[in-house]
file target03.txt (compact mmCIF, C-alpha atoms and all ligand atoms)
# COMPACT_ATOMS: atom_id res chain seq x y z
CA MET R 1 25.87 -0.24 13.59
CA MET R 2 25.67 -2.28 10.36
CA ARG R 3 22.64 -1.38 8.29
CA PRO R 4 20.52 -4.36 7.15
CA SER R 5 20.98 -4.98 3.43
CA VAL R 6 18.04 -4.87 1.03
CA VAL R 7 18.42 -6.14 -2.53
CA ILE R 8 15.64 -5.18 -4.93
CA VAL R 9 15.46 -7.03 -8.23
CA GLY R 10 13.67 -4.89 -10.84
CA GLY R 11 13.49 -1.11 -11.12
CA GLY R 12 9.96 -0.79 -12.48
CA PHE R 13 6.99 0.70 -10.61
CA ALA R 14 7.20 -1.68 -7.65
CA GLY R 15 10.99 -1.83 -7.28
CA LEU R 16 11.53 1.92 -7.63
CA ALA R 17 8.68 2.81 -5.25
CA CYS R 18 10.14 0.36 -2.69
CA ALA R 19 13.69 1.75 -3.00
CA ASN R 20 12.47 5.36 -2.77
CA SER R 21 10.59 4.55 0.45
CA LEU R 22 13.63 3.11 2.25
CA GLU R 23 16.01 5.53 3.96
CA ALA R 24 19.71 5.11 3.17
CA GLU R 25 20.48 6.06 6.77
CA HIS R 26 18.83 2.84 7.98
CA PHE R 27 19.23 0.36 5.09
CA ALA R 28 21.97 -0.49 2.57
CA VAL R 29 19.82 -0.74 -0.54
CA THR R 30 20.93 -2.18 -3.90
CA LEU R 31 18.56 -1.97 -6.86
CA ILE R 32 19.33 -4.24 -9.83
CA ASP R 33 17.83 -3.91 -13.30
CA ARG R 34 18.87 -4.99 -16.77
CA LYS R 35 17.71 -1.63 -18.13
CA ALA R 36 19.38 1.70 -17.42
CA ASN R 37 16.03 3.47 -17.01
CA PHE R 38 12.69 3.16 -15.29
CA GLU R 39 10.00 3.23 -18.01
CA PHE R 40 6.45 4.53 -17.58
CA LEU R 41 4.69 1.67 -19.42
CA PRO R 42 1.05 2.90 -19.15
CA ASN R 43 1.85 5.77 -21.56
CA ILE R 44 4.21 4.07 -24.02
CA HIS R 45 1.42 3.91 -26.62
CA GLU R 46 1.92 7.67 -27.07
CA LEU R 47 5.32 6.98 -28.66
CA LEU R 48 3.51 5.46 -31.66
CA SER R 49 2.09 8.82 -32.72
CA GLY R 50 5.11 10.80 -31.54
CA VAL R 51 3.17 12.85 -28.95
CA LYS R 52 5.67 11.60 -26.38
CA LYS R 53 9.40 11.21 -26.80
CA PRO R 54 11.36 8.35 -25.17
CA SER R 55 13.13 10.70 -22.74
CA GLN R 56 9.77 11.88 -21.32
CA LEU R 57 8.83 8.35 -20.30
CA ARG R 58 12.13 7.41 -18.71
CA LEU R 59 13.94 8.13 -15.45
CA SER R 60 17.61 7.16 -15.09
CA LEU R 61 17.84 4.50 -12.36
CA LYS R 62 21.46 5.42 -11.63
CA THR R 63 20.51 9.05 -11.01
CA ALA R 64 17.40 8.09 -9.03
CA MET R 65 19.36 5.73 -6.76
CA ARG R 66 22.15 8.25 -6.29
CA ALA R 67 19.55 10.84 -5.21
CA ALA R 68 18.13 8.35 -2.69
CA GLY R 69 21.60 7.43 -1.39
CA HIS R 70 21.30 3.85 -2.71
CA ARG R 71 23.36 1.74 -5.10
CA PHE R 72 22.23 0.85 -8.64
CA VAL R 73 23.63 -2.18 -10.44
CA ARG R 74 22.82 -2.59 -14.10
CA GLY R 75 22.71 -6.24 -15.11
CA ASP R 76 20.63 -9.28 -15.89
CA VAL R 77 19.64 -11.32 -12.83
CA THR R 78 20.25 -14.88 -13.98
CA SER R 79 19.35 -16.78 -10.81
CA ILE R 80 17.88 -16.30 -7.34
CA GLU R 81 18.67 -18.65 -4.44
CA PRO R 82 15.77 -18.14 -2.02
CA GLU R 83 17.24 -20.14 0.90
CA GLU R 84 20.35 -17.94 0.85
CA ARG R 85 18.52 -14.75 -0.24
CA ARG R 86 21.22 -14.45 -2.88
CA VAL R 87 20.96 -13.26 -6.47
CA LYS R 88 23.37 -13.76 -9.31
CA VAL R 89 23.88 -11.01 -11.88
CA GLY R 90 25.35 -12.06 -15.21
CA SER R 91 27.71 -15.00 -14.85
CA GLU R 92 29.74 -14.05 -11.79
CA GLN R 93 28.43 -11.17 -9.62
CA HIS R 94 26.55 -12.21 -6.47
CA PHE R 95 24.49 -10.13 -4.02
CA LYS R 96 23.33 -11.45 -0.66
CA ALA R 97 20.52 -9.69 1.22
CA ASP R 98 18.99 -9.59 4.66
CA TYR R 99 15.75 -8.69 2.87
CA LEU R 100 15.19 -9.57 -0.77
CA VAL R 101 12.52 -7.89 -2.89
CA VAL R 102 11.61 -9.52 -6.20
CA ALA R 103 9.89 -7.05 -8.53
CA LEU R 104 10.58 -8.59 -11.94
CA GLY R 105 7.33 -7.50 -13.62
CA SER R 106 5.96 -9.77 -16.31
CA ALA R 107 7.03 -11.35 -19.58
CA ASP R 108 5.02 -11.19 -22.82
CA ALA R 109 2.44 -13.99 -23.13
CA ASP R 110 2.80 -15.61 -26.57
CA TYR R 111 0.29 -18.50 -26.14
CA GLY R 112 2.63 -20.74 -28.12
CA VAL R 113 1.94 -18.82 -31.34
CA ILE R 114 4.75 -19.48 -33.82
CA GLY R 115 6.63 -16.43 -35.10
CA VAL R 116 5.72 -13.94 -32.33
CA GLY R 117 9.33 -13.11 -31.38
CA LYS R 118 10.66 -13.18 -34.93
CA HIS R 119 7.98 -11.49 -37.02
CA SER R 120 6.04 -9.14 -34.76
CA TYR R 121 6.88 -6.01 -32.79
CA GLY R 122 6.44 -6.33 -29.02
CA PHE R 123 4.59 -3.59 -27.13
CA LYS R 124 6.19 -3.68 -23.71
CA SER R 125 9.06 -1.21 -23.69
CA VAL R 126 10.01 2.27 -24.85
CA ALA R 127 12.48 0.82 -27.38
CA GLN R 128 9.85 -1.47 -28.92
CA CYS R 129 7.29 1.34 -29.24
CA GLN R 130 9.88 3.68 -30.73
CA ALA R 131 10.69 1.00 -33.33
CA ILE R 132 6.95 0.75 -34.18
CA HIS R 133 6.81 4.56 -34.51
CA GLN R 134 9.64 4.51 -37.05
CA ARG R 135 8.08 1.68 -39.05
CA LEU R 136 4.70 3.49 -39.07
CA GLN R 137 6.31 6.65 -40.39
CA SER R 138 7.84 4.86 -43.36
CA LEU R 139 4.64 2.86 -44.07
CA SER R 140 2.44 5.97 -43.92
CA ARG R 141 4.33 7.49 -46.87
CA ASP R 142 3.71 4.64 -49.33
CA GLY R 143 0.74 2.90 -47.70
CA GLY R 144 0.62 -0.47 -46.00
CA ARG R 145 -1.22 -2.91 -43.77
CA VAL R 146 -0.93 -2.77 -39.99
CA VAL R 147 -2.21 -5.66 -37.88
CA ILE R 148 -2.55 -5.24 -34.10
CA ILE R 149 -2.89 -8.56 -32.30
CA GLY R 150 -4.78 -8.33 -29.01
CA GLY R 151 -7.91 -6.24 -28.47
CA GLY R 152 -7.36 -5.69 -24.75
CA LEU R 153 -6.36 -2.39 -23.12
CA GLU R 154 -2.88 -2.33 -24.70
CA GLY R 155 -4.04 -3.21 -28.23
CA VAL R 156 -6.89 -0.68 -28.13
CA GLU R 157 -4.57 2.09 -26.84
CA ALA R 158 -2.08 1.24 -29.61
CA LEU R 159 -4.86 1.44 -32.20
CA GLY R 160 -6.07 4.81 -30.87
CA GLU R 161 -2.57 6.24 -31.15
CA VAL R 162 -2.17 4.96 -34.73
CA LEU R 163 -5.51 6.61 -35.58
CA ARG R 164 -4.44 9.87 -33.88
CA ARG R 165 -1.57 10.39 -36.28
CA TYR R 166 -2.37 8.26 -39.34
CA ARG R 167 -6.15 8.15 -39.76
CA HIS R 168 -5.95 10.26 -42.93
CA LYS R 169 -2.98 8.28 -44.32
CA PRO R 170 -3.18 5.27 -46.63
CA LEU R 171 -2.87 2.62 -43.91
CA GLN R 172 -5.20 -0.38 -43.65
CA LEU R 173 -5.72 -1.21 -39.99
CA THR R 174 -6.80 -4.52 -38.48
CA VAL R 175 -7.20 -5.46 -34.82
CA ILE R 176 -7.52 -9.12 -33.85
CA GLU R 177 -9.03 -10.29 -30.55
CA ALA R 178 -9.23 -14.02 -29.76
CA ARG R 179 -12.39 -13.59 -27.70
CA SER R 180 -15.80 -12.41 -28.89
CA THR R 181 -15.47 -8.65 -28.26
CA LEU R 182 -12.84 -5.95 -28.01
CA LEU R 183 -11.82 -5.24 -24.39
CA PRO R 184 -13.23 -8.59 -23.20
CA THR R 185 -12.45 -7.97 -19.51
CA ALA R 186 -14.24 -4.59 -19.42
CA PRO R 187 -18.04 -4.13 -19.30
CA ALA R 188 -19.58 -5.01 -22.70
CA VAL R 189 -20.62 -1.38 -23.41
CA VAL R 190 -16.97 -0.30 -23.49
CA GLY R 191 -16.01 -2.89 -26.13
CA LYS R 192 -19.06 -1.88 -28.17
CA HIS R 193 -18.15 1.81 -27.84
CA ILE R 194 -14.63 1.20 -29.18
CA ALA R 195 -16.02 -1.08 -31.94
CA ASP R 196 -18.21 1.86 -33.07
CA HIS R 197 -15.10 4.05 -33.41
CA CYS R 198 -13.45 1.24 -35.40
CA GLU R 199 -16.38 1.08 -37.77
CA LYS R 200 -16.30 4.84 -38.32
CA TRP R 201 -12.59 4.82 -39.15
CA GLU R 202 -12.78 1.62 -41.23
CA VAL R 203 -10.67 -0.47 -38.90
CA ASN R 204 -11.15 -4.18 -39.61
CA CYS R 205 -12.02 -5.91 -36.29
CA VAL R 206 -11.55 -9.67 -36.25
CA THR R 207 -12.91 -11.51 -33.18
CA CYS R 208 -13.31 -15.19 -32.16
CA ASP R 209 -10.50 -16.29 -34.47
CA PRO R 210 -7.20 -16.58 -32.53
CA VAL R 211 -3.88 -16.11 -34.30
CA ALA R 212 -2.14 -19.41 -35.06
CA ARG R 213 1.06 -18.27 -36.75
CA ILE R 214 2.88 -15.10 -37.78
CA THR R 215 5.23 -14.92 -40.75
CA ALA R 216 7.20 -12.01 -42.21
CA LYS R 217 4.25 -10.88 -44.35
CA THR R 218 1.17 -12.65 -42.99
CA VAL R 219 -0.87 -13.30 -39.89
CA GLN R 220 -2.54 -16.72 -40.04
CA LEU R 221 -5.71 -17.31 -38.04
CA SER R 222 -7.02 -20.54 -36.49
CA SER R 223 -9.81 -20.67 -39.09
CA GLY R 224 -7.16 -20.87 -41.82
CA ARG R 225 -7.72 -17.26 -42.93
CA ARG R 226 -4.55 -15.34 -43.82
CA LEU R 227 -4.15 -11.58 -43.45
CA ARG R 228 -1.34 -9.76 -45.20
CA SER R 229 0.65 -7.51 -42.89
CA ASP R 230 3.50 -5.03 -43.33
CA LEU R 231 3.65 -4.30 -39.61
CA THR R 232 2.42 -6.76 -36.99
CA ILE R 233 2.13 -5.53 -33.39
CA TRP R 234 1.81 -8.15 -30.64
CA THR R 235 0.03 -7.14 -27.42
CA GLY R 236 -0.44 -10.54 -25.80
CA GLY R 237 -0.70 -9.41 -22.17
CA PRO R 238 1.39 -10.41 -19.15
CA ALA R 239 2.86 -13.86 -18.40
CA PRO R 240 4.97 -14.96 -15.40
CA PRO R 241 8.73 -14.45 -15.95
CA ALA R 242 10.51 -17.83 -16.24
CA LEU R 243 13.03 -16.74 -13.57
CA LEU R 244 10.34 -17.11 -10.86
CA ALA R 245 9.92 -20.84 -11.52
CA ASP R 246 13.60 -21.39 -12.35
CA SER R 247 14.47 -20.01 -8.89
CA GLY R 248 11.91 -22.09 -7.02
CA LEU R 249 9.78 -19.03 -6.16
CA ALA R 250 6.83 -20.24 -8.23
CA GLU R 251 5.57 -23.32 -10.00
CA ALA R 252 6.22 -23.50 -13.73
CA HIS R 253 4.23 -20.83 -15.64
CA HIS R 254 2.85 -19.35 -12.41
CA TRP R 255 3.27 -16.08 -10.53
CA ALA R 256 4.98 -16.15 -7.11
CA PRO R 257 2.50 -16.87 -4.29
CA VAL R 258 2.48 -14.29 -1.47
CA GLU R 259 0.93 -13.88 1.97
CA ASN R 260 -1.25 -10.82 2.59
CA THR R 261 1.90 -9.01 3.85
CA LEU R 262 3.46 -9.60 0.38
CA ALA R 263 6.07 -11.92 1.93
CA HIS R 264 6.62 -15.03 -0.18
CA SER R 265 4.46 -17.91 1.04
CA SER R 266 7.52 -20.08 1.80
CA TYR R 267 10.23 -17.46 2.51
CA PRO R 268 9.21 -14.75 5.04
CA GLU R 269 12.25 -12.54 4.32
CA ILE R 270 11.63 -12.48 0.60
CA PHE R 271 8.99 -10.06 -0.62
CA ILE R 272 7.38 -10.18 -4.05
CA ALA R 273 6.05 -6.95 -5.53
CA GLY R 274 4.08 -5.81 -8.55
CA ASP R 275 3.04 -8.00 -11.46
CA ALA R 276 5.21 -10.91 -10.24
CA ALA R 277 3.15 -11.39 -7.05
CA GLU R 278 0.00 -13.48 -6.80
CA LEU R 279 -2.17 -12.82 -3.75
CA GLU R 280 -4.60 -15.44 -2.54
CA ALA R 281 -7.36 -13.25 -4.02
CA PRO R 282 -5.58 -12.19 -7.25
CA ILE R 283 -5.67 -8.54 -8.31
CA SER R 284 -5.17 -7.06 -11.79
CA LYS R 285 -1.63 -6.46 -13.07
CA GLN R 286 -1.67 -2.66 -12.87
CA ALA R 287 0.94 0.01 -12.24
CA TYR R 288 -0.94 1.58 -9.33
CA HIS R 289 -1.06 -1.77 -7.49
CA ALA R 290 2.69 -2.22 -8.17
CA LEU R 291 3.44 1.23 -6.68
CA ASP R 292 1.34 0.52 -3.57
CA MET R 293 2.95 -2.92 -3.17
CA GLY R 294 6.46 -1.45 -3.39
CA ARG R 295 5.65 1.08 -0.66
CA CYS R 296 3.92 -1.53 1.52
CA ILE R 297 6.97 -3.81 1.30
CA ALA R 298 9.31 -0.96 2.29
CA ALA R 299 7.10 -0.30 5.33
CA ASN R 300 7.09 -4.01 6.22
CA ILE R 301 10.88 -4.28 5.94
CA GLN R 302 11.15 -1.34 8.35
CA ARG R 303 8.70 -3.02 10.72
CA LEU R 304 10.56 -6.35 10.62
CA ALA R 305 13.91 -4.62 11.17
CA GLY R 306 12.39 -2.83 14.18
CA GLY R 307 11.07 -6.12 15.61
CA LYS R 308 7.46 -5.37 14.67
CA VAL R 309 4.89 -7.51 12.90
CA PRO R 310 4.44 -6.73 9.17
CA ARG R 311 1.13 -5.25 8.05
CA ARG R 312 -1.20 -6.60 5.41
CA PHE R 313 -1.38 -5.09 1.95
CA LYS R 314 -4.78 -3.59 1.16
CA PRO R 315 -5.30 -3.17 -2.59
CA SER R 316 -6.94 0.15 -3.45
CA GLY R 317 -9.69 0.19 -6.06
CA LYS R 318 -8.78 2.77 -8.69
CA PRO R 319 -10.57 3.22 -12.00
CA THR R 320 -8.90 2.24 -15.27
CA LEU R 321 -8.31 5.06 -17.73
CA LEU R 322 -8.23 3.96 -21.34
CA ALA R 323 -6.93 6.41 -23.95
CA PHE R 324 -8.05 6.15 -27.56
CA GLY R 325 -5.70 8.63 -29.21
CA ASP R 326 -7.32 12.05 -29.62
CA LEU R 327 -10.65 10.45 -30.55
CA ASP R 328 -11.84 9.39 -27.11
CA SER R 329 -10.94 8.28 -23.58
CA VAL R 330 -12.86 5.93 -21.31
CA LEU R 331 -12.93 5.71 -17.53
CA ILE R 332 -13.91 2.25 -16.28
CA SER R 333 -14.78 1.85 -12.60
CA ASP R 334 -16.82 -0.69 -10.63
CA ARG R 335 -19.81 1.62 -10.65
CA VAL R 336 -19.71 3.59 -13.88
CA CYS R 337 -18.12 3.84 -17.32
CA LEU R 338 -17.62 7.33 -18.74
CA ALA R 339 -16.38 8.30 -22.20
CA GLY R 340 -15.16 11.59 -23.63
CA VAL R 341 -12.02 13.33 -24.84
CA PRO R 342 -11.63 15.53 -21.70
CA LEU R 343 -10.85 12.36 -19.68
CA ALA R 344 -7.50 12.24 -21.50
CA ALA R 345 -6.44 15.08 -19.19
CA ALA R 346 -6.91 12.75 -16.21
CA LYS R 347 -4.56 10.15 -17.73
CA GLU R 348 -1.99 12.86 -18.45
CA ALA R 349 -2.33 14.19 -14.89
CA VAL R 350 -1.74 10.71 -13.42
CA PHE R 351 1.36 10.34 -15.62
CA ALA R 352 2.76 13.73 -14.56
CA ALA R 353 2.01 13.18 -10.86
CA VAL R 354 3.52 9.66 -10.67
CA MET R 355 6.65 10.66 -12.62
CA ALA R 356 7.14 13.60 -10.24
CA GLN R 357 6.66 11.33 -7.19
CA LEU R 358 9.18 8.77 -8.43
CA ASP R 359 11.78 11.39 -9.32
CA LEU R 360 13.81 12.08 -6.17
CA ARG R 361 16.34 14.43 -7.77
CA ALA R 362 17.07 17.85 -6.30
CA SER R 363 14.04 20.13 -6.61
CA LYS R 364 15.52 22.42 -9.31
CA VAL R 365 16.38 19.57 -11.70
CA LYS R 366 13.07 17.90 -10.95
CA LEU R 367 11.13 21.12 -11.57
CA ASN R 368 12.80 21.45 -14.98
CA ALA R 369 11.73 17.90 -15.86
CA VAL R 370 8.15 18.58 -14.70
CA LEU R 371 8.04 21.82 -16.73
CA GLY R 372 9.44 20.00 -19.77
CA ARG R 373 6.71 17.37 -19.54
CA SER R 374 3.97 20.05 -19.12
CA LYS R 375 5.31 22.02 -22.11
CA GLN R 376 5.23 18.87 -24.22
CA ALA R 377 1.69 18.00 -23.06
CA THR R 378 0.51 21.51 -23.98
CA GLU R 379 2.15 21.49 -27.41
CA GLN R 380 1.34 17.94 -28.43
CA LEU R 381 -2.00 17.34 -26.72
CA LEU R 382 -3.71 20.60 -25.74
CA TRP R 383 -3.00 22.98 -28.66
CA PRO R 384 -3.92 20.55 -31.45
CA ALA R 385 -7.25 19.91 -29.67
CA LEU R 386 -7.99 23.61 -29.05
CA SER R 387 -7.08 24.68 -32.57
CA ASN R 388 -9.73 22.44 -34.18
CA TRP R 389 -12.82 24.24 -32.93
CA ARG R 390 -15.41 22.18 -34.78
CA GLU R 391 -14.05 18.83 -33.55
CA LEU R 392 -13.57 20.28 -30.08
CA ARG R 393 -17.25 21.23 -29.80
CA GLN R 394 -18.23 17.67 -30.73
CA GLN R 395 -15.73 16.09 -28.42
CA THR R 396 -15.82 18.05 -25.18
CA LYS R 397 -18.74 16.16 -23.69
CA VAL R 398 -18.22 13.32 -21.25
CA ARG R 399 -21.03 10.79 -21.36
CA LYS R 400 -22.05 7.82 -19.28
CA LEU R 401 -21.82 4.46 -21.04
CA THR R 402 -23.60 2.44 -18.35
C1 LIG R 501 1.56 -1.26 -22.94
C2 LIG R 501 1.16 -1.30 -21.49
C3 LIG R 501 0.15 -0.47 -21.03
C4 LIG R 501 -0.20 -0.49 -19.70
N1 LIG R 501 -1.18 0.38 -19.26
C5 LIG R 501 -1.48 0.46 -17.95
C6 LIG R 501 -2.39 1.42 -17.46
O1 LIG R 501 -2.98 2.19 -18.23
N2 LIG R 501 -2.61 1.49 -16.13
C7 LIG R 501 -1.98 0.65 -15.24
O2 LIG R 501 -2.18 0.79 -14.03
N3 LIG R 501 -1.12 -0.28 -15.67
C8 LIG R 501 -0.85 -0.41 -17.00
N4 LIG R 501 0.04 -1.36 -17.45
C9 LIG R 501 0.57 -2.35 -16.50
C10 LIG R 501 1.74 -1.79 -15.72
O3 LIG R 501 2.68 -1.20 -16.57
C11 LIG R 501 2.36 -2.92 -14.91
O4 LIG R 501 1.38 -3.46 -14.05
C12 LIG R 501 3.53 -2.39 -14.09
O5 LIG R 501 4.57 -1.95 -14.95
C13 LIG R 501 4.05 -3.48 -13.15
O6 LIG R 501 5.11 -2.95 -12.40
P1 LIG R 501 6.30 -3.90 -11.92
O7 LIG R 501 7.20 -3.06 -11.12
O8 LIG R 501 5.76 -5.15 -11.34
O9 LIG R 501 7.01 -4.35 -13.30
P2 LIG R 501 7.73 -3.46 -14.39
O10 LIG R 501 7.30 -2.06 -14.32
O11 LIG R 501 7.55 -4.20 -15.67
O12 LIG R 501 9.27 -3.53 -13.96
C14 LIG R 501 9.98 -4.74 -13.94
C15 LIG R 501 11.46 -4.39 -14.04
O13 LIG R 501 12.21 -5.57 -13.82
C16 LIG R 501 13.32 -5.60 -14.73
N5 LIG R 501 13.71 -7.00 -14.92
C17 LIG R 501 12.92 -8.03 -15.32
N6 LIG R 501 13.62 -9.17 -15.35
C18 LIG R 501 14.89 -8.85 -14.96
C19 LIG R 501 16.09 -9.61 -14.78
N7 LIG R 501 16.13 -10.93 -14.99
N8 LIG R 501 17.20 -8.96 -14.40
C20 LIG R 501 17.20 -7.60 -14.17
N9 LIG R 501 16.08 -6.86 -14.31
C21 LIG R 501 14.95 -7.47 -14.71
C22 LIG R 501 12.76 -4.96 -15.99
O14 LIG R 501 13.78 -4.44 -16.82
C23 LIG R 501 11.85 -3.86 -15.42
O15 LIG R 501 12.53 -2.63 -15.30
C24 LIG R 501 0.43 -1.38 -18.79
C25 LIG R 501 1.44 -2.23 -19.26
C26 LIG R 501 1.81 -2.20 -20.59
C27 LIG R 501 2.91 -3.12 -21.08
call {"tool": "encode", "arguments": {"input": "target03.txt", "output": "structure tokens"}}
result
Amino acid sequence: MMRPSVVIVGGGFAGLACANSLEAEHFAVTLIDRKANFEFLPNIHELLSGVKKPSQLRLSLKTAMRAAGHRFVRGDVTSIEPEERRVKVGSEQHFKADYLVVALGSADADYGVIGVGKHSYGFKSVAQCQAIHQRLQSLSRDGGRVVIIGGGLEGVEALGEVLRRYRHKPLQLTVIEARSTLLPTAPAVVGKHIADHCEKWEVNCVTCDPVARITAKTVQLSSGRRLRSDLTIWTGGPAPPALLADSGLAEAHHWAPVENTLAHSSYPEIFIAGDAAELEAPISKQAYHALDMGRCIAANIQRLAGGKVPRRFKPSGKPTLLAFGDLDSVLISDRVCLAGVPLAAAKEAVFAAVMAQLDLRASKVKLNAVLGRSKQATEQLLWPALSNWRELRQQTKVRKLT
């Protein structure tokens, strides 16, 4: 019997989790991505200090799909025809699906600021963070000014990583947040807590003055103030990919609307997963939601193929773990906010567990990769902390912020 075909666009958290949950025996699955590798974005900030290497944050999609018995196509999806459930890769390859899963992730929001693409480093991929790492290394030798734009989770994690490695080097650090506090979507105590660290390490925090323009050597603010910058890092947050609207899956500058089963509101055999999806009650753009959505969609495709009714997606409430280099970590949940260096171990444990779950290679190869990641975590994270006894004694407490 012919297996139903499933085409998954995007091999990030949602797309890979979906593909891994579908059995090759029952479905002919094709995963398409412009990148060769899955990238673990929540830990890419660690590339800035060098505590992680690019290979530790990547999984080869070709190898992963081969292990699952699926097909991987590397290419840029240039259009999606929802009525036909057909996608075009590059200028001439076409793929038609019985079930189409769109898991394109998000683009970088630039808020119309001039010069973002040309004069600042993006913070959304392994390659971009590795480029920042190299620039930081050369600046730290002779001194220079680093400006991080965006004081949300990504900007604060980037700052923490720069402080981990370069806080005793001649770098002048500035973080700019358009709103009135750092981490504006977290409880106020968390922003204040990070601002206290910034004060201690002489980081210049600029709030309530959005960036208007970036040039090769300056960052210009709405007030007219100009800051000199040798390295400008842009962490603008997620924006809907243009392909969603171009394909008729969303209105211009919007995410794709989905039913509670994650089927597209207008096309029941097209599922939208991860950042690209907008539920009626929107949820945050987080990796753990993307993973759960990918698995839920795989289950719903199996139900539809078996003549059953799809089930609704129930978002799980997980806390956010914010790393601030080796200086601090913060756990933010609905009920409580905790801070303390030991919480960094929780973030590392989540990273190790999710990478191991997504890696379907034969157990011996997979075990080697897991051991490699643990060895690196011990050498780069654990030993440096344990060998500085005085700092360790000050830092090992976890305290409640709220
Ligand atoms: C710096 C940073 C820190 C973060 N920290 C956290 C955190 O601590 N905790 C947390 O839960 N979440 C965090 N997130 C958010 C999390 O990474 C996203 O929510 C998650 O990656 C979304 O998964 P996804 O599968 O929807 O998209 P992605 O993981 O972005 O995957 C999308 C995939 O689609 C591919 N693609 C896109 N367009 C095309 C096209 N036209 N053709 C072919 N392929 C295409 C991309 O190459 C990519 O592989 C962070 C994100 C960033 C950038």
call {"tool": "axis_aligned_box", "arguments": {"input": "target03.txt", "around": "ligand LIG 501 (chain R)", "padding_each_side": "6 Å", "output": "JSON"}}
result
{"center_x": 7.1, "center_y": -4.4, "center_z": -17.0, "size_x": 32.2, "size_y": 25.1, "size_z": 23.8}
call {"tool": "residues_around", "arguments": {"input": "target03.txt", "residues": "region 120-128 of chain R", "least_positions_apart": "4", "cutoff": "8 Å", "atoms": "only C-alpha atoms", "output": "list in words"}}
result
Glu39, Leu41, Ile44, Leu47, Pro54, Leu57, Asp108, Gly115, Val116, Ile132, Glu154, Ile214, Leu231, Thr232, Ile233, Trp234 and Thr235 of chain R
call {"tool": "residues_around", "arguments": {"input": "target03.txt", "residues": "region 242-244 of chain R", "least_positions_apart": "4", "cutoff": "12 Å", "atoms": "all atoms listed in the file", "output": "JSON, numbers by chain"}}
result
{"R": [9, 76, 77, 78, 79, 80, 81, 82, 87, 88, 102, 103, 104, 105, 106, 107, 108, 109, 248, 249, 250, 251, 252, 253, 254, 255, 256, 257, 264, 272, 275, 276, 277, 278]}
call {"tool": "closest_residue", "arguments": {"input": "target03.txt", "among": "R:Val113, R:Ala298, R:Ile270, R:Leu401", "to": "Glu83 (chain R)", "atoms": "only C-alpha atoms"}}
result
R:Ile270
call {"tool": "closest_residue", "arguments": {"input": "target03.txt", "among": "R:Arg295, R:Lys200, R:Lys397, R:Lys53", "to": "ligand LIG 501 (chain R)", "atoms": "all atoms listed in the file"}}
result
R:Arg295
call {"tool": "closest_residue", "arguments": {"input": "target03.txt", "among": "R:Thr174, R:Ser21, R:Asn43, R:Ser229", "to": "Thr207 (chain R)", "atoms": "only C-alpha atoms"}}
result
R:Thr174
call {"tool": "residues_near_point", "arguments": {"input": "target03.txt", "point": "(0.8, -15.9, -37.8)", "cutoff": "9 Å", "atoms": "all atoms listed in the file", "output": "VMD selection string"}}
result
chain R and resid 113 to 116 119 211 to 221 226 to 227
call {"tool": "closest_residue", "arguments": {"input": "target03.txt", "among": "R:Leu338, R:Ala178, R:Ala287, R:Val51", "to": "ligand LIG 501 (chain R)", "atoms": "only C-alpha atoms and all ligand atoms"}}
result
R:Ala287
